$ cat input_34.csv   # CSV, C-alpha atoms and all ligand atoms
chain,number,residue,atom,x,y,z
M,77,MET,CA,138.9,219.4,74.8
M,78,ARG,CA,142.6,219.7,74.0
M,79,GLU,CA,143.3,221.3,77.3
M,80,LEU,CA,141.6,218.5,79.1
M,81,GLU,CA,143.6,215.9,77.2
M,82,GLU,CA,146.8,217.8,78.0
M,83,PHE,CA,145.8,218.0,81.7
M,84,SER,CA,145.0,214.2,81.9
M,85,ARG,CA,148.3,213.4,80.2
M,86,ARG,CA,150.2,215.4,82.8
M,87,ILE,CA,148.3,213.8,85.7
M,88,ARG,CA,149.1,210.4,84.2
M,89,ASN,CA,152.8,211.2,84.0
M,90,VAL,CA,152.8,212.4,87.6
M,91,LEU,CA,151.0,209.2,88.8
M,92,ASP,CA,153.5,207.1,86.8
M,93,LEU,CA,156.4,209.0,88.5
M,94,TYR,CA,154.8,208.5,91.9
M,95,GLU,CA,154.3,204.7,91.3
M,96,LEU,CA,157.9,204.4,89.9
M,97,LEU,CA,159.3,205.9,93.1
M,98,ARG,CA,157.4,203.3,95.1
M,99,GLU,CA,158.3,200.4,92.9
M,100,ARG,CA,160.6,197.9,94.7
M,101,GLY,CA,161.8,195.9,91.8
M,102,GLY,CA,165.2,196.0,90.0
M,103,LYS,CA,167.7,198.8,90.4
M,104,THR,CA,168.2,201.4,87.7
M,105,ILE,CA,171.8,202.6,87.0
M,106,CYS,CA,172.3,205.4,84.5
M,107,LEU,CA,175.6,206.4,82.8
M,108,THR,CA,176.0,210.2,82.4
M,109,SER,CA,178.8,212.5,81.2
M,110,GLY,CA,179.6,216.0,80.2
M,111,LYS,CA,181.2,215.3,76.9
M,112,VAL,CA,180.3,213.1,73.9
M,113,GLY,CA,182.8,210.3,73.2
M,114,VAL,CA,184.0,209.5,76.7
M,115,GLY,CA,182.7,205.9,76.5
M,116,LYS,CA,179.2,205.8,78.1
M,117,THR,CA,177.7,203.6,75.4
M,118,THR,CA,180.7,201.3,75.3
M,119,ILE,CA,180.8,200.9,79.1
M,120,ALA,CA,177.0,200.5,79.4
M,121,PHE,CA,177.0,197.7,76.8
M,122,HIS,CA,179.9,195.7,78.3
M,123,LEU,CA,178.7,196.4,81.9
M,124,ALA,CA,175.3,195.0,81.1
M,125,LEU,CA,176.8,192.0,79.4
M,126,LYS,CA,179.0,191.3,82.5
M,127,LEU,CA,176.2,191.7,84.9
M,128,ALA,CA,174.1,189.2,83.0
M,129,GLU,CA,177.1,186.8,82.8
M,130,LYS,CA,177.2,187.1,86.6
M,131,ASP,CA,173.6,185.8,86.9
M,132,CYS,CA,171.9,189.1,87.3
M,133,LYS,CA,168.9,189.4,85.0
M,134,THR,CA,169.7,192.6,83.2
M,135,ALA,CA,168.2,195.0,80.7
M,136,LEU,CA,170.0,197.7,78.7
M,137,PHE,CA,168.1,200.7,77.5
M,138,ASP,CA,169.3,203.1,74.8
M,139,PHE,CA,168.0,206.4,76.1
M,140,ASP,CA,170.1,208.5,73.7
M,141,PHE,CA,167.0,209.2,71.5
M,142,PHE,CA,168.8,211.7,69.2
M,143,LEU,CA,172.1,209.8,68.6
M,144,PRO,CA,171.4,206.2,69.6
M,145,ASN,CA,174.4,203.9,69.3
M,146,ILE,CA,173.7,200.6,71.2
M,147,HIS,CA,172.5,198.8,68.1
M,148,HIS,CA,176.0,199.1,66.6
M,149,PHE,CA,177.1,196.4,69.1
M,150,LEU,CA,174.5,193.9,67.8
M,151,GLU,CA,174.7,191.5,65.0
M,152,GLU,CA,171.0,191.3,64.7
M,153,VAL,CA,169.0,194.0,62.9
M,154,PRO,CA,167.3,196.0,65.7
M,155,SER,CA,163.6,195.5,66.2
M,156,SER,CA,161.3,197.8,64.2
M,157,VAL,CA,159.4,198.8,67.4
M,158,THR,CA,161.9,200.8,69.4
M,159,LEU,CA,161.9,202.9,72.6
M,160,THR,CA,161.5,206.0,70.4
M,161,HIS,CA,158.3,204.5,68.9
M,162,TYR,CA,156.9,204.1,72.4
M,163,LEU,CA,157.9,207.6,73.5
M,164,SER,CA,156.4,209.2,70.4
M,165,GLY,CA,153.1,207.4,70.7
M,166,LEU,CA,153.6,204.9,67.9
M,167,ALA,CA,153.7,201.8,70.1
M,168,ALA,CA,152.7,200.5,73.5
M,169,ILE,CA,155.1,199.1,76.1
M,170,SER,CA,153.8,195.6,75.3
M,171,ASP,CA,154.8,196.0,71.7
M,172,LEU,CA,158.5,196.4,72.7
M,173,ASN,CA,160.5,193.4,71.7
M,174,PRO,CA,164.0,193.5,73.1
M,175,ILE,CA,167.0,191.8,71.5
M,176,LYS,CA,167.9,188.9,73.8
M,177,ILE,CA,171.5,187.8,74.4
M,178,LYS,CA,171.8,184.3,76.0
M,179,VAL,CA,174.4,184.9,78.6
M,180,GLY,CA,174.2,184.0,82.3
M,181,ALA,CA,170.8,185.2,83.6
M,182,GLY,CA,170.1,186.8,80.2
M,183,LEU,CA,170.5,190.3,78.8
M,184,SER,CA,167.6,192.1,77.0
M,185,ILE,CA,168.6,195.1,74.9
M,186,PHE,CA,166.0,197.8,74.1
M,187,VAL,CA,167.3,199.9,71.2
M,188,SER,CA,166.1,203.3,69.9
M,189,LYS,CA,165.6,204.8,66.5
M,190,SER,CA,166.8,208.3,66.2
M,191,VAL,CA,164.1,210.9,66.5
M,192,VAL,CA,165.9,212.6,63.6
M,193,ASP,CA,165.1,209.6,61.4
M,194,LEU,CA,161.7,208.9,62.9
M,195,GLY,CA,160.6,212.6,62.4
M,196,ARG,CA,158.4,212.6,65.5
M,197,LYS,CA,158.4,214.4,68.8
M,198,ILE,CA,158.9,212.4,71.9
M,199,GLU,CA,157.4,212.7,75.4
M,200,ILE,CA,160.3,212.0,77.7
M,201,GLU,CA,158.1,211.8,80.8
M,202,LYS,CA,156.7,208.4,79.5
M,203,ILE,CA,159.9,206.7,80.6
M,204,ALA,CA,158.6,206.7,84.2
M,205,ARG,CA,155.9,204.2,83.1
M,206,LEU,CA,158.5,202.2,81.1
M,207,LEU,CA,160.9,201.9,84.0
M,208,LYS,CA,158.1,201.0,86.4
M,209,PHE,CA,157.0,198.2,84.1
M,210,PHE,CA,160.5,196.7,83.5
M,211,LYS,CA,161.7,197.1,87.1
M,212,ARG,CA,159.3,194.2,87.8
M,213,GLU,CA,161.0,192.0,85.2
M,214,TYR,CA,164.8,192.7,85.6
M,215,GLU,CA,167.1,192.9,88.5
M,216,CYS,CA,169.2,195.6,87.0
M,217,LEU,CA,168.3,198.2,84.4
M,218,ILE,CA,171.3,199.9,82.7
M,219,ILE,CA,170.5,203.2,81.0
M,220,ASP,CA,172.7,204.7,78.4
M,221,LEU,CA,172.1,208.5,78.3
M,222,PRO,CA,172.9,211.3,75.9
M,223,SER,CA,175.9,213.5,77.0
M,224,GLY,CA,175.3,216.8,78.7
M,225,MET,CA,172.6,218.2,80.9
M,226,SER,CA,169.5,218.6,78.6
M,227,LYS,CA,166.1,217.5,79.9
M,228,TYR,CA,166.6,214.3,77.9
M,229,ALA,CA,169.6,213.5,80.2
M,230,ILE,CA,168.4,215.0,83.4
M,231,TYR,CA,164.9,213.5,83.5
M,232,PRO,CA,166.1,209.8,83.3
M,233,ILE,CA,168.8,210.7,85.9
M,234,THR,CA,166.2,211.9,88.4
M,235,LEU,CA,164.4,208.5,88.0
M,236,SER,CA,167.6,206.4,88.5
M,237,ASP,CA,168.6,204.6,91.6
M,238,PHE,CA,172.3,205.1,91.0
M,239,ILE,CA,174.3,207.5,88.8
M,240,LEU,CA,177.6,206.6,87.3
M,241,LEU,CA,179.6,209.5,85.9
M,242,VAL,CA,181.8,208.5,83.0
M,243,THR,CA,184.8,210.7,82.2
M,244,CYS,CA,188.3,210.8,80.7
M,245,ASP,CA,191.5,211.7,82.4
M,246,ASP,CA,192.0,215.2,80.9
M,247,ARG,CA,191.5,218.7,82.2
M,248,PRO,CA,188.3,219.6,80.3
M,249,SER,CA,186.7,216.3,81.3
M,250,ARG,CA,187.7,216.9,85.0
M,251,LEU,CA,186.2,220.3,84.9
M,252,ASP,CA,183.0,219.0,83.3
M,253,ALA,CA,182.7,216.2,85.9
M,254,GLY,CA,182.9,218.8,88.6
M,255,ARG,CA,180.1,220.9,87.0
M,256,ILE,CA,177.9,217.8,86.6
M,257,LYS,CA,178.3,216.9,90.2
M,258,LYS,CA,177.3,220.5,91.1
M,259,VAL,CA,174.2,220.5,88.9
M,260,LEU,CA,173.1,217.2,90.4
M,261,GLN,CA,173.9,218.3,93.9
M,262,ASN,CA,171.7,221.4,93.4
M,263,MET,CA,168.9,219.1,92.5
M,264,GLY,CA,169.4,217.0,95.6
M,265,LEU,CA,171.1,214.2,93.7
M,266,LYS,CA,174.5,212.7,94.0
M,267,VAL,CA,176.9,210.9,91.7
M,268,ASP,CA,177.3,207.4,93.1
M,269,GLY,CA,180.5,206.6,91.2
M,270,ILE,CA,183.0,208.1,88.8
M,271,VAL,CA,184.3,205.8,86.1
M,272,VAL,CA,187.5,207.2,84.4
M,273,ASN,CA,187.8,205.7,80.9
M,274,LYS,CA,190.5,205.4,78.2
M,275,VAL,CA,193.2,205.7,80.8
M,276,LYS,CA,196.8,205.4,79.5
M,277,GLY,CA,199.3,205.0,82.3
M,278,LYS,CA,199.0,206.9,85.5
M,279,LEU,CA,196.0,209.0,86.4
M,280,LYS,CA,196.7,212.8,86.1
M,281,TYR,CA,193.5,214.6,86.8
M,282,PHE,CA,191.7,212.4,89.3
M,283,ARG,CA,192.7,210.9,92.6
M,284,LYS,CA,192.4,207.1,92.9
M,285,ASP,CA,190.3,207.4,96.1
M,286,GLU,CA,187.6,209.6,94.5
M,287,ILE,CA,186.8,207.1,91.7
M,288,PHE,CA,184.8,204.0,91.5
M,289,CYS,CA,186.5,202.3,88.5
M,290,ILE,CA,189.3,202.9,86.0
M,291,VAL,CA,188.9,201.5,82.5
M,292,PRO,CA,192.1,201.5,80.5
M,293,TYR,CA,192.4,202.5,76.8
M,294,ASP,CA,191.8,199.3,75.0
M,295,LYS,CA,191.2,198.8,71.3
M,296,LYS,CA,189.2,195.7,72.0
M,297,LEU,CA,186.6,197.9,73.5
M,298,SER,CA,186.6,200.4,70.7
M,299,GLY,CA,185.2,200.1,67.2
M,300,PHE,CA,182.0,198.4,68.3
M,301,GLU,CA,183.5,195.0,67.5
M,302,VAL,CA,181.0,192.4,68.2
M,303,ARG,CA,183.6,189.7,67.9
M,304,SER,CA,185.6,191.0,70.9
M,305,ARG,CA,182.5,190.8,73.1
M,306,PHE,CA,183.6,187.7,75.0
M,307,LYS,CA,187.3,188.1,74.6
M,308,LYS,CA,189.6,188.7,77.5
M,309,SER,CA,191.5,192.0,77.4
M,310,LYS,CA,192.5,194.6,80.0
M,311,GLY,CA,189.5,196.8,79.1
M,312,ILE,CA,187.0,193.9,79.4
M,313,LYS,CA,188.6,192.8,82.7
M,314,SER,CA,188.3,196.2,84.1
M,315,ILE,CA,184.6,196.3,83.2
M,316,GLU,CA,184.2,192.9,84.8
M,317,LEU,CA,185.5,194.4,87.9
M,318,LEU,CA,183.1,197.3,87.5
M,319,ALA,CA,180.2,194.8,87.3
M,320,GLU,CA,181.4,193.1,90.5
M,321,LYS,CA,181.5,196.4,92.3
M,322,VAL,CA,178.0,197.3,91.0
M,323,LEU,CA,176.7,194.0,92.2
M,324,HIS,CA,178.4,194.5,95.6
M,325,HIS,CA,177.6,198.1,96.2
M,326,TYR,CA,174.4,198.8,94.3
M,327,LEU,CA,172.5,195.6,94.0
M,328,SER,CA,171.0,193.3,96.7
M,329,VAL,CA,173.0,191.2,99.1
M,330,LYS,CA,171.9,188.1,97.2
M,331,TYR,CA,175.3,188.2,95.4
M,332,LYS,CA,178.1,186.8,97.5
M,333,LEU,CA,181.4,188.2,96.3
Y,1,LIG,N1,188.4,202.2,76.9
Y,1,LIG,C1,188.4,202.5,75.6
Y,1,LIG,N2,189.5,202.4,74.9
Y,1,LIG,C2,189.5,202.7,73.6
Y,1,LIG,N3,188.5,203.2,72.9
Y,1,LIG,C3,187.3,203.4,73.6
Y,1,LIG,C4,187.2,203.0,75.0
Y,1,LIG,N4,185.9,203.3,75.4
Y,1,LIG,C5,185.3,203.8,74.3
Y,1,LIG,N5,186.1,203.9,73.2
Y,1,LIG,C6,185.8,204.4,71.9
Y,1,LIG,O1,185.5,205.8,72.0
Y,1,LIG,C7,184.5,206.2,71.1
Y,1,LIG,C8,183.3,206.8,71.9
Y,1,LIG,O2,182.7,205.9,72.7
Y,1,LIG,P1,181.2,205.9,73.1
Y,1,LIG,O3,181.0,204.7,74.0
Y,1,LIG,O4,180.4,206.0,71.9
Y,1,LIG,O5,181.1,207.3,73.9
Y,1,LIG,P2,179.8,208.1,74.4
Y,1,LIG,O6,178.7,207.1,74.5
Y,1,LIG,O7,180.2,208.6,75.7
Y,1,LIG,O8,179.6,209.2,73.4
Y,1,LIG,C9,184.0,204.9,70.4
Y,1,LIG,O9,184.7,204.8,69.2
Y,1,LIG,C10,184.5,203.8,71.3
Y,1,LIG,O10,184.7,202.6,70.6
Y,2,MG,MG,176.8,207.2,73.6
$ encode --input "input_34.csv" --output "structure tokens"
Amino acid sequence: MRELEEFSRRIRNVLDLYELLRERGGKTICLTSGKVGVGKTTIAFHLALKLAEKDCKTALFDFDFFLPNIHHFLEEVPSSVTLTHYLSGLAAISDLNPIKIKVGAGLSIFVSKSVVDLGRKIEIEKIARLLKFFKREYECLIIDLPSGMSKYAIYPITLSDFILLVTCDDRPSRLDAGRIKKVLQNMGLKVDGIVVNKVKGKLKYFRKDEIFCIVPYDKKLSGFEVRSRFKKSKGIKSIELLAEKVLHHYLSVKYKL
């Protein structure tokens, strides 16, 4: 009986995956990196905000199920039913209640509760169904990932339409970026854009022509300061530029830039 249940679960996951790949709705963009602390979460949050501001109906998903951080950007207390509840079988997709930020076309934020605090196992394959469902509702789905190349990072990457690699301008990060590109290449995937974050002065380890966007070191972006969300600063401006590039290169021709 248990074997049958396991078999049908697997079949369901494969079908969800197949249907997701056929789904024509919004585009999924994930942010990946080798190291922790390069700025994926920070950039994912501000990028999602800027895309919404530019009239692209956007959803932001915290897929860092062990060390989720997106909720630190929010003033509201995160919803009690989170993505981790869905992935661990405690809730259905229809129970998910994103935090909505009224800006431009609207931003919906789907937070996660750490599996460490929830004390439950998660089934990562269930994100195929989740993405298929929300691709019908949003024009752009931004996915914040855990660092590194565990299955919790790799699986969502394989389901994404575009992959942004976030890195810093130092030697170890440069080497890690190369390794990640290689791992993805071996899987038949490619990095669509490199974002070099926390840049102070001139680039040392990356050439300008190989990167998609530079984000300067900027205290307004750091410290999860909700107040600085709508402020103008060089960091925020560079992420606005990133949003424009994303709209232009990755999203539909509907946006005239
Ligand atoms: N451009 C930046 N300038 C200054 N500090 C930044 C910048 N980007 C991120 N940070 C800070 O760096 C730390 C790590 O960022 P975070 O987004 O959590 O990284 P990751 O998600 O890759 O682990 C945080 O304290 C954040 O506020
Ligand atoms: Mg993070």
$ residues_near_ligand --input "input_34.csv" --ligand "ligand LIG 1 (chain Y)" --cutoff "8 Å" --atoms "all atoms listed in the file" --output "PyMOL selection string"
chain M and resi 109+111-120+145+220-223+242+273-275+291-300+311
$ closest_residue --input "input_34.csv" --among "M:Ala229, M:Ile312, M:Ala128, M:Ile169" --to "ligand MG 2 (chain Y)" --atoms "all atoms listed in the file"
M:Ala229
$ atom_distance --input "input_34.csv" --atom1 "atom CA of Lys126 of chain M" --atom2 "atom CA of Ala319 of chain M"
6.1 Å
$ residues_around --input "input_34.csv" --residues "Gly165 of chain M" --least-positions-apart "5" --cutoff "12 Å" --atoms "all atoms listed in the file" --output "JSON, numbers by chain"
{"M": [157, 158, 159, 160, 171, 194, 196, 197, 198, 199, 200, 202]}
$ write_last_selection --input "input_34.csv" --atoms "C-alpha atoms" --output "CSV table (one decimal), in the frame of the given file"
chain,number,residue,atom,x,y,z
M,157,VAL,CA,159.4,198.8,67.4
M,158,THR,CA,161.9,200.8,69.4
M,159,LEU,CA,161.9,202.9,72.6
M,160,THR,CA,161.5,206.0,70.4
M,171,ASP,CA,154.8,196.0,71.7
M,194,LEU,CA,161.7,208.9,62.9
M,196,ARG,CA,158.4,212.6,65.5
M,197,LYS,CA,158.4,214.4,68.8
M,198,ILE,CA,158.9,212.4,71.9
M,199,GLU,CA,157.4,212.7,75.4
M,200,ILE,CA,160.3,212.0,77.7
M,202,LYS,CA,156.7,208.4,79.5
$ atom_distance --input "input_34.csv" --atom1 "atom CA of Phe186 of chain M" --atom2 "atom CA of Leu317 of chain M"
24.1 Å
$ closest_residue --input "input_34.csv" --among "M:Leu143, M:Ala181, M:Ile315, M:Ala167" --to "ligand MG 2 (chain Y)" --atoms "only C-alpha atoms and all ligand atoms"
M:Leu143
$ residues_near_point --input "input_34.csv" --point "(165.9, 206.2, 70.6)" --cutoff "8 Å" --atoms "all atoms listed in the file" --output "PDB file with C-alpha atoms, keeping the file's coordinate frame"
ATOM      1  CA  ASP M 138     169.300 203.100  74.800  1.00  0.00           C
ATOM      2  CA  PHE M 139     168.000 206.400  76.100  1.00  0.00           C
ATOM      3  CA  ASP M 140     170.100 208.500  73.700  1.00  0.00           C
ATOM      4  CA  PHE M 141     167.000 209.200  71.500  1.00  0.00           C
ATOM      5  CA  PHE M 142     168.800 211.700  69.200  1.00  0.00           C
ATOM      6  CA  LEU M 143     172.100 209.800  68.600  1.00  0.00           C
ATOM      7  CA  PRO M 144     171.400 206.200  69.600  1.00  0.00           C
ATOM      8  CA  THR M 158     161.900 200.800  69.400  1.00  0.00           C
ATOM      9  CA  LEU M 159     161.900 202.900  72.600  1.00  0.00           C
ATOM     10  CA  THR M 160     161.500 206.000  70.400  1.00  0.00           C
ATOM     11  CA  HIS M 161     158.300 204.500  68.900  1.00  0.00           C
ATOM     12  CA  VAL M 187     167.300 199.900  71.200  1.00  0.00           C
ATOM     13  CA  SER M 188     166.100 203.300  69.900  1.00  0.00           C
ATOM     14  CA  LYS M 189     165.600 204.800  66.500  1.00  0.00           C
ATOM     15  CA  SER M 190     166.800 208.300  66.200  1.00  0.00           C
ATOM     16  CA  VAL M 191     164.100 210.900  66.500  1.00  0.00           C
TER      17      VAL M 191
END
$ closest_residue --input "input_34.csv" --among "M:Arg205, M:Gly269, M:Phe137, M:Gly254" --to "Ser170 of chain M" --atoms "only C-alpha atoms"
M:Arg205
$ atom_distance --input "input_34.csv" --atom1 "atom CA of Arg255 of chain M" --atom2 "atom CA of His325 of chain M"
24.7 Å
